[in-house]
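Undergrad: I have a structure I would like to understand better, so I am pasting it below and will then ask my questions one at a time.
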Amino acid sequence: MSRRAAMVGVLAAAIVALFAVELTIGVVVIPLDAVVASLTGGTVKRAAWFHIVGDFRLPRALTALVGGASLGACGLMLQTLFRNPLADPFVLGIAHGARFAVALVVVVTGLAGNAFVEAFGLAGNMGLAIASCAGTLAVMSILTLLARRVDSVTLLLSGLMIGYIAIGLISLVLHLIDETQASAFSGWDDASFAGTTWTQLALLIPACLAGLALLFGLAKPLNVLLLGDTYAQSLGVPLRPIRYACFGVVALLVGTVTAFCGAINFLGLIAAHAARGLLRSEDHRLLLPAAALAGGCLALATDLVTHLPWARHLLHLNAVNGMLGGPIVLWVLLRRHARFGAAR
C-alpha cells in the first residue's frame, strides 16, 4: 500500500472513530452497544438514550461530517483559485456575506432561526439557504474583481475588510429590529453543528454531496490553473467557465453550511493544509477528497471537544477552531516571509 493511500485510510478510520465517540460521549454517556441498538432499531435499556441519539447526537454528527467536508474542500479550492495559501471561506469574508444575507431575511420577515423555519416550514429552510448562497456569491464576485488588480496579500486583507464591513452591516441591520428578533438571530449566528433538524439535514446533505461531486469534477482543471493562466489558455482550457463553476460550487457549499451552522472559522484553511501535509502532493484529484476527509475529521473532533461533559459549557466551536487555525496562519505567514523576505 502506498503512503498516500495509507494516509487516506487513516483519515477515514479517524472519521469512523470520532463519529462513534460523538454518539456515545456527552453530558449523558451512552454505551456503544446502546448506540448501535438505537441506530438499528434494537432494544435500548433506557428510552431516553434512543431519543438522545436519534434526535440530537446523530443529526449533530452528520452535520459536522458533511459541513466539515464541504468547508475543507472549499478551502483547498479557494487557495488554488486565488493562489493564496491563507484563502478560506471565513478569512476571505465569504461566510460573512452569507451571514449578512441571512440578516436581511430577518429584517424582511421579522423572524429568525427556528421562528423563521416554523413560520415557513420547508420553504423557510430553503429561503435561508438561498439567501445565504446569494450572499456568498456576492462576496465571491467582489473578490474576483479584486484578484485581477491586486497581489495575494492585498486580496487577503481585502477579504478581511469585506468581512468586517459585513459584520458592521449586520450590526446595523440588527439595530433596526426588536430585541427578540435580534436575540433569535444571535442564537442562529453562534457557529455550531448542534441544533440541526432532520428536515434541515434533508436539504443540507444532498446539497453538500452534490457540491462536493461537482467540485471533484473540477479537479483536473484546477491542476492546470496551478501552472498559470497563460499556460492554461495555451492548452485550450476555458478559464472563465471554470472560474464561474468554482464560484457556483463555493456558493452552494459555503452558503448552505453557513445557513444551517453559522459562520465557521478556519476549518477550510486547516483541512487544506492538513491534506497537503499528509499527501505531499499538488494533484487535486488526490487533494480534494483528502481535504474533504480532513475537514470532516476536524469538524467531528472540534465539535466533540465542545460537547464533552465539562463542568461549565463556555467553550465554543469557533474558539476551538481559532486555537488550531491561528498557529497555522502564523506558520504560513512566517514561512512566506522567510522565503520571499530573504529574497528582497
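A note on labels: chains of the C-alpha cells are A, B, ... as shown, every chain counts residues from 1, and ligands are counted from 1 in their shown order.
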Leaving out A:Thr63 and any residue of its chain fewer than 6 positions from it, which residues lie within 12 Å of it when counting only C-alpha atoms, given as a ChimeraX atom specification?
TA: /A:19,22,56-57,69-71,192-198,200-206,208,256-262,295-297,299-300,303
Undergrad: Write the selection just made, keeping N, CA and C atoms, as an mmCIF file, in the first residue's frame?
TA:
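Contents of result-v1.cif, as written:
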data_model
loop_
_atom_site.group_PDB
_atom_site.id
_atom_site.type_symbol
_atom_site.label_atom_id
_atom_site.label_comp_id
_atom_site.auth_asym_id
_atom_site.auth_seq_id
_atom_site.Cartn_x
_atom_site.Cartn_y
_atom_site.Cartn_z
ATOM 1 N N PHE A 19 -16.873 9.660 14.844
ATOM 2 C CA PHE A 19 -18.329 9.620 14.686
ATOM 3 C C PHE A 19 -18.948 8.753 15.783
ATOM 4 N N GLU A 22 -18.700 10.583 19.085
ATOM 5 C CA GLU A 22 -19.691 11.672 19.124
ATOM 6 C C GLU A 22 -21.047 11.177 19.612
ATOM 7 N N PHE A 56 -30.663 14.183 18.710
ATOM 8 C CA PHE A 56 -29.657 15.197 18.997
ATOM 9 C C PHE A 56 -28.269 14.827 18.464
ATOM 10 N N ARG A 57 -27.740 13.702 18.894
ATOM 11 C CA ARG A 57 -26.336 13.412 18.579
ATOM 12 C C ARG A 57 -26.122 12.979 17.137
ATOM 13 N N ALA A 69 -16.580 18.478 5.724
ATOM 14 C CA ALA A 69 -16.070 18.026 4.430
ATOM 15 C C ALA A 69 -16.243 19.109 3.368
ATOM 16 N N SER A 70 -17.385 19.778 3.370
ATOM 17 C CA SER A 70 -17.651 20.828 2.388
ATOM 18 C C SER A 70 -16.702 22.007 2.564
ATOM 19 N N LEU A 71 -16.525 22.451 3.800
ATOM 20 C CA LEU A 71 -15.645 23.593 4.046
ATOM 21 C C LEU A 71 -14.183 23.235 3.782
ATOM 22 N N SER A 192 -22.256 26.551 15.169
ATOM 23 C CA SER A 192 -22.392 25.269 15.857
ATOM 24 C C SER A 192 -22.969 24.242 14.892
ATOM 25 N N PHE A 193 -22.575 22.996 15.093
ATOM 26 C CA PHE A 193 -23.163 21.904 14.320
ATOM 27 C C PHE A 193 -24.383 21.319 15.035
ATOM 28 N N ALA A 194 -24.647 21.791 16.242
ATOM 29 C CA ALA A 194 -25.776 21.286 17.013
ATOM 30 C C ALA A 194 -27.052 22.022 16.617
ATOM 31 N N GLY A 195 -28.189 21.408 16.885
ATOM 32 C CA GLY A 195 -29.468 22.059 16.645
ATOM 33 C C GLY A 195 -30.041 21.859 15.261
ATOM 34 N N THR A 196 -29.310 21.170 14.373
ATOM 35 C CA THR A 196 -29.821 20.921 13.030
ATOM 36 C C THR A 196 -30.909 19.856 13.081
ATOM 37 N N THR A 197 -32.023 20.135 12.451
ATOM 38 C CA THR A 197 -33.133 19.181 12.446
ATOM 39 C C THR A 197 -33.015 18.219 11.268
ATOM 40 N N TRP A 198 -33.786 17.151 11.325
ATOM 41 C CA TRP A 198 -33.781 16.195 10.212
ATOM 42 C C TRP A 198 -34.324 16.840 8.938
ATOM 43 N N GLN A 200 -33.827 19.957 8.050
ATOM 44 C CA GLN A 200 -32.706 20.715 7.506
ATOM 45 C C GLN A 200 -31.645 19.801 6.912
ATOM 46 N N LEU A 201 -31.410 18.664 7.552
ATOM 47 C CA LEU A 201 -30.447 17.704 7.008
ATOM 48 C C LEU A 201 -30.891 17.169 5.651
ATOM 49 N N ALA A 202 -32.218 17.078 5.447
ATOM 50 C CA ALA A 202 -32.732 16.617 4.154
ATOM 51 C C ALA A 202 -32.372 17.582 3.037
ATOM 52 N N LEU A 203 -32.054 18.838 3.367
ATOM 53 C CA LEU A 203 -31.555 19.808 2.384
ATOM 54 C C LEU A 203 -30.029 19.886 2.407
ATOM 55 N N LEU A 204 -29.466 19.881 3.623
ATOM 56 C CA LEU A 204 -28.020 20.068 3.770
ATOM 57 C C LEU A 204 -27.221 18.935 3.141
ATOM 58 N N ILE A 205 -27.582 17.690 3.442
ATOM 59 C CA ILE A 205 -26.783 16.558 2.956
ATOM 60 C C ILE A 205 -26.804 16.449 1.435
ATOM 61 N N PRO A 206 -27.972 16.471 0.765
ATOM 62 C CA PRO A 206 -27.950 16.401 -0.708
ATOM 63 C C PRO A 206 -27.220 17.580 -1.339
ATOM 64 N N CYS A 208 -24.743 19.374 -0.073
ATOM 65 C CA CYS A 208 -23.298 19.230 0.126
ATOM 66 C C CYS A 208 -22.719 18.103 -0.725
ATOM 67 N N THR A 256 -24.861 26.981 1.964
ATOM 68 C CA THR A 256 -25.750 26.025 2.620
ATOM 69 C C THR A 256 -25.268 25.686 4.024
ATOM 70 N N VAL A 257 -23.975 25.457 4.177
ATOM 71 C CA VAL A 257 -23.436 25.129 5.501
ATOM 72 C C VAL A 257 -23.628 26.299 6.458
ATOM 73 N N THR A 258 -23.347 27.522 5.991
ATOM 74 C CA THR A 258 -23.498 28.697 6.847
ATOM 75 C C THR A 258 -24.955 28.921 7.222
ATOM 76 N N ALA A 259 -25.872 28.636 6.308
ATOM 77 C CA ALA A 259 -27.296 28.837 6.587
ATOM 78 C C ALA A 259 -27.758 28.013 7.781
ATOM 79 N N PHE A 260 -27.210 26.806 7.941
ATOM 80 C CA PHE A 260 -27.679 25.909 8.993
ATOM 81 C C PHE A 260 -26.713 25.773 10.167
ATOM 82 N N CYS A 261 -25.469 26.245 9.995
ATOM 83 C CA CYS A 261 -24.469 26.071 11.057
ATOM 84 C C CYS A 261 -23.851 27.385 11.525
ATOM 85 N N GLY A 262 -24.127 28.485 10.840
ATOM 86 C CA GLY A 262 -23.460 29.731 11.154
ATOM 87 C C GLY A 262 -22.096 29.808 10.480
ATOM 88 N N GLY A 295 -11.471 17.764 6.569
ATOM 89 C CA GLY A 295 -12.465 18.702 7.086
ATOM 90 C C GLY A 295 -13.519 18.011 7.927
ATOM 91 N N GLY A 296 -14.006 16.869 7.452
ATOM 92 C CA GLY A 296 -14.976 16.113 8.235
ATOM 93 C C GLY A 296 -14.394 15.635 9.551
ATOM 94 N N CYS A 297 -13.155 15.185 9.508
ATOM 95 C CA CYS A 297 -12.481 14.701 10.717
ATOM 96 C C CYS A 297 -12.291 15.834 11.731
ATOM 97 N N ALA A 299 -13.968 18.669 11.906
ATOM 98 C CA ALA A 299 -15.263 19.143 12.394
ATOM 99 C C ALA A 299 -15.797 18.228 13.493
ATOM 100 N N LEU A 300 -15.692 16.925 13.293
ATOM 101 C CA LEU A 300 -16.135 15.990 14.325
ATOM 102 C C LEU A 300 -15.299 16.143 15.595
ATOM 103 N N ASP A 303 -16.118 19.564 17.327
ATOM 104 C CA ASP A 303 -17.462 19.509 17.896
ATOM 105 C C ASP A 303 -17.482 18.625 19.142
#
Undergrad: Within 10 Å of stretch 314-325 of chain A, counting only C-alpha atoms, which residues show up once you throw out same-chain ones fewer than 6 positions away? Write them as number ranges by chain, please.
TA: A: 190-193, 263-271, 298-299, 301-308, 331
Undergrad: Those same residues - N, CA and C atoms - I'd like them written as an mmCIF file, in the first residue's frame.
TA:
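In the end it all went to out-v6.cif:
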data_model
loop_
_atom_site.group_PDB
_atom_site.id
_atom_site.type_symbol
_atom_site.label_atom_id
_atom_site.label_comp_id
_atom_site.auth_asym_id
_atom_site.auth_seq_id
_atom_site.Cartn_x
_atom_site.Cartn_y
_atom_site.Cartn_z
ATOM 1 N N ASP A 190 -24.445 31.929 16.276
ATOM 2 C CA ASP A 190 -23.398 31.284 17.073
ATOM 3 C C ASP A 190 -23.022 29.969 16.396
ATOM 4 N N ALA A 191 -21.876 29.961 15.729
ATOM 5 C CA ALA A 191 -21.492 28.816 14.895
ATOM 6 C C ALA A 191 -21.525 27.516 15.688
ATOM 7 N N SER A 192 -22.256 26.551 15.169
ATOM 8 C CA SER A 192 -22.392 25.269 15.857
ATOM 9 C C SER A 192 -22.969 24.242 14.892
ATOM 10 N N PHE A 193 -22.575 22.996 15.093
ATOM 11 C CA PHE A 193 -23.163 21.904 14.320
ATOM 12 C C PHE A 193 -24.383 21.319 15.035
ATOM 13 N N ALA A 263 -21.391 30.928 10.703
ATOM 14 C CA ALA A 263 -20.082 31.143 10.066
ATOM 15 C C ALA A 263 -18.998 30.440 10.864
ATOM 16 N N ILE A 264 -18.444 29.384 10.308
ATOM 17 C CA ILE A 264 -17.438 28.572 10.986
ATOM 18 C C ILE A 264 -16.052 28.999 10.509
ATOM 19 N N ASN A 265 -15.185 29.347 11.436
ATOM 20 C CA ASN A 265 -13.900 29.906 11.039
ATOM 21 C C ASN A 265 -12.794 28.861 10.897
ATOM 22 N N PHE A 266 -11.859 29.146 10.001
ATOM 23 C CA PHE A 266 -10.575 28.454 9.867
ATOM 24 C C PHE A 266 -10.640 26.986 9.446
ATOM 25 N N LEU A 267 -11.808 26.365 9.442
ATOM 26 C CA LEU A 267 -11.855 24.926 9.210
ATOM 27 C C LEU A 267 -11.342 24.568 7.819
ATOM 28 N N GLY A 268 -11.755 25.344 6.799
ATOM 29 C CA GLY A 268 -11.272 25.089 5.446
ATOM 30 C C GLY A 268 -9.781 25.286 5.320
ATOM 31 N N LEU A 269 -9.259 26.290 6.000
ATOM 32 C CA LEU A 269 -7.822 26.565 5.972
ATOM 33 C C LEU A 269 -7.035 25.410 6.575
ATOM 34 N N ILE A 270 -7.464 24.942 7.738
ATOM 35 C CA ILE A 270 -6.753 23.862 8.425
ATOM 36 C C ILE A 270 -6.807 22.583 7.598
ATOM 37 N N ALA A 271 -7.997 22.247 7.079
ATOM 38 C CA ALA A 271 -8.158 20.997 6.339
ATOM 39 C C ALA A 271 -7.310 20.987 5.069
ATOM 40 N N LEU A 298 -11.836 16.985 11.254
ATOM 41 C CA LEU A 298 -11.613 18.123 12.138
ATOM 42 C C LEU A 298 -12.923 18.633 12.733
ATOM 43 N N ALA A 299 -13.968 18.669 11.906
ATOM 44 C CA ALA A 299 -15.263 19.143 12.394
ATOM 45 C C ALA A 299 -15.797 18.228 13.493
ATOM 46 N N ALA A 301 -13.993 16.334 15.439
ATOM 47 C CA ALA A 301 -13.112 16.453 16.602
ATOM 48 C C ALA A 301 -13.399 17.726 17.390
ATOM 49 N N THR A 302 -13.506 18.861 16.697
ATOM 50 C CA THR A 302 -13.745 20.123 17.403
ATOM 51 C C THR A 302 -15.144 20.156 18.017
ATOM 52 N N ASP A 303 -16.118 19.564 17.327
ATOM 53 C CA ASP A 303 -17.462 19.509 17.896
ATOM 54 C C ASP A 303 -17.482 18.625 19.142
ATOM 55 N N LEU A 304 -16.716 17.529 19.098
ATOM 56 C CA LEU A 304 -16.640 16.642 20.261
ATOM 57 C C LEU A 304 -16.049 17.375 21.455
ATOM 58 N N VAL A 305 -14.996 18.159 21.225
ATOM 59 C CA VAL A 305 -14.361 18.907 22.317
ATOM 60 C C VAL A 305 -15.361 19.853 22.971
ATOM 61 N N THR A 306 -16.172 20.533 22.169
ATOM 62 C CA THR A 306 -17.126 21.496 22.736
ATOM 63 C C THR A 306 -18.256 20.820 23.493
ATOM 64 N N HIS A 307 -18.524 19.538 23.185
ATOM 65 C CA HIS A 307 -19.647 18.843 23.820
ATOM 66 C C HIS A 307 -19.207 17.786 24.830
ATOM 67 N N LEU A 308 -17.948 17.799 25.216
ATOM 68 C CA LEU A 308 -17.514 16.928 26.296
ATOM 69 C C LEU A 308 -18.231 17.330 27.589
ATOM 70 N N TRP A 331 2.218 30.296 10.983
ATOM 71 C CA TRP A 331 3.248 29.463 10.351
ATOM 72 C C TRP A 331 3.351 29.765 8.859
#
Undergrad: Enter the distance from atom CA of A:Arg285 to atom CA of A:Ala219, in Å, rounded to one decimal.
TA: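 Here the two named atoms are 5.2 Å from each other.
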Undergrad: Please determine, counting only C-alpha atoms, which residue among A:Leu86, A:Leu169, A:Met161, A:Leu212 has the shortest atom-to-atom distance to A:Leu252.
TA: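 Closest residue, counting only C-alpha atoms: A:Leu212.
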Undergrad: For the alpha helix (DSSP H) assignment from backbone DSSP, which residues of stretch 177-275 of chain A qualify? Please present them as number ranges by chain.
TA: A: 179-189, 198-217, 219-225, 229-234, 239-261, 267-275
Undergrad: Which is closest to A:Gly135 among A:Ala251, A:Leu32, A:Ile25, A:Ala37, if we use only C-alpha atoms?
TA: A:Ala251
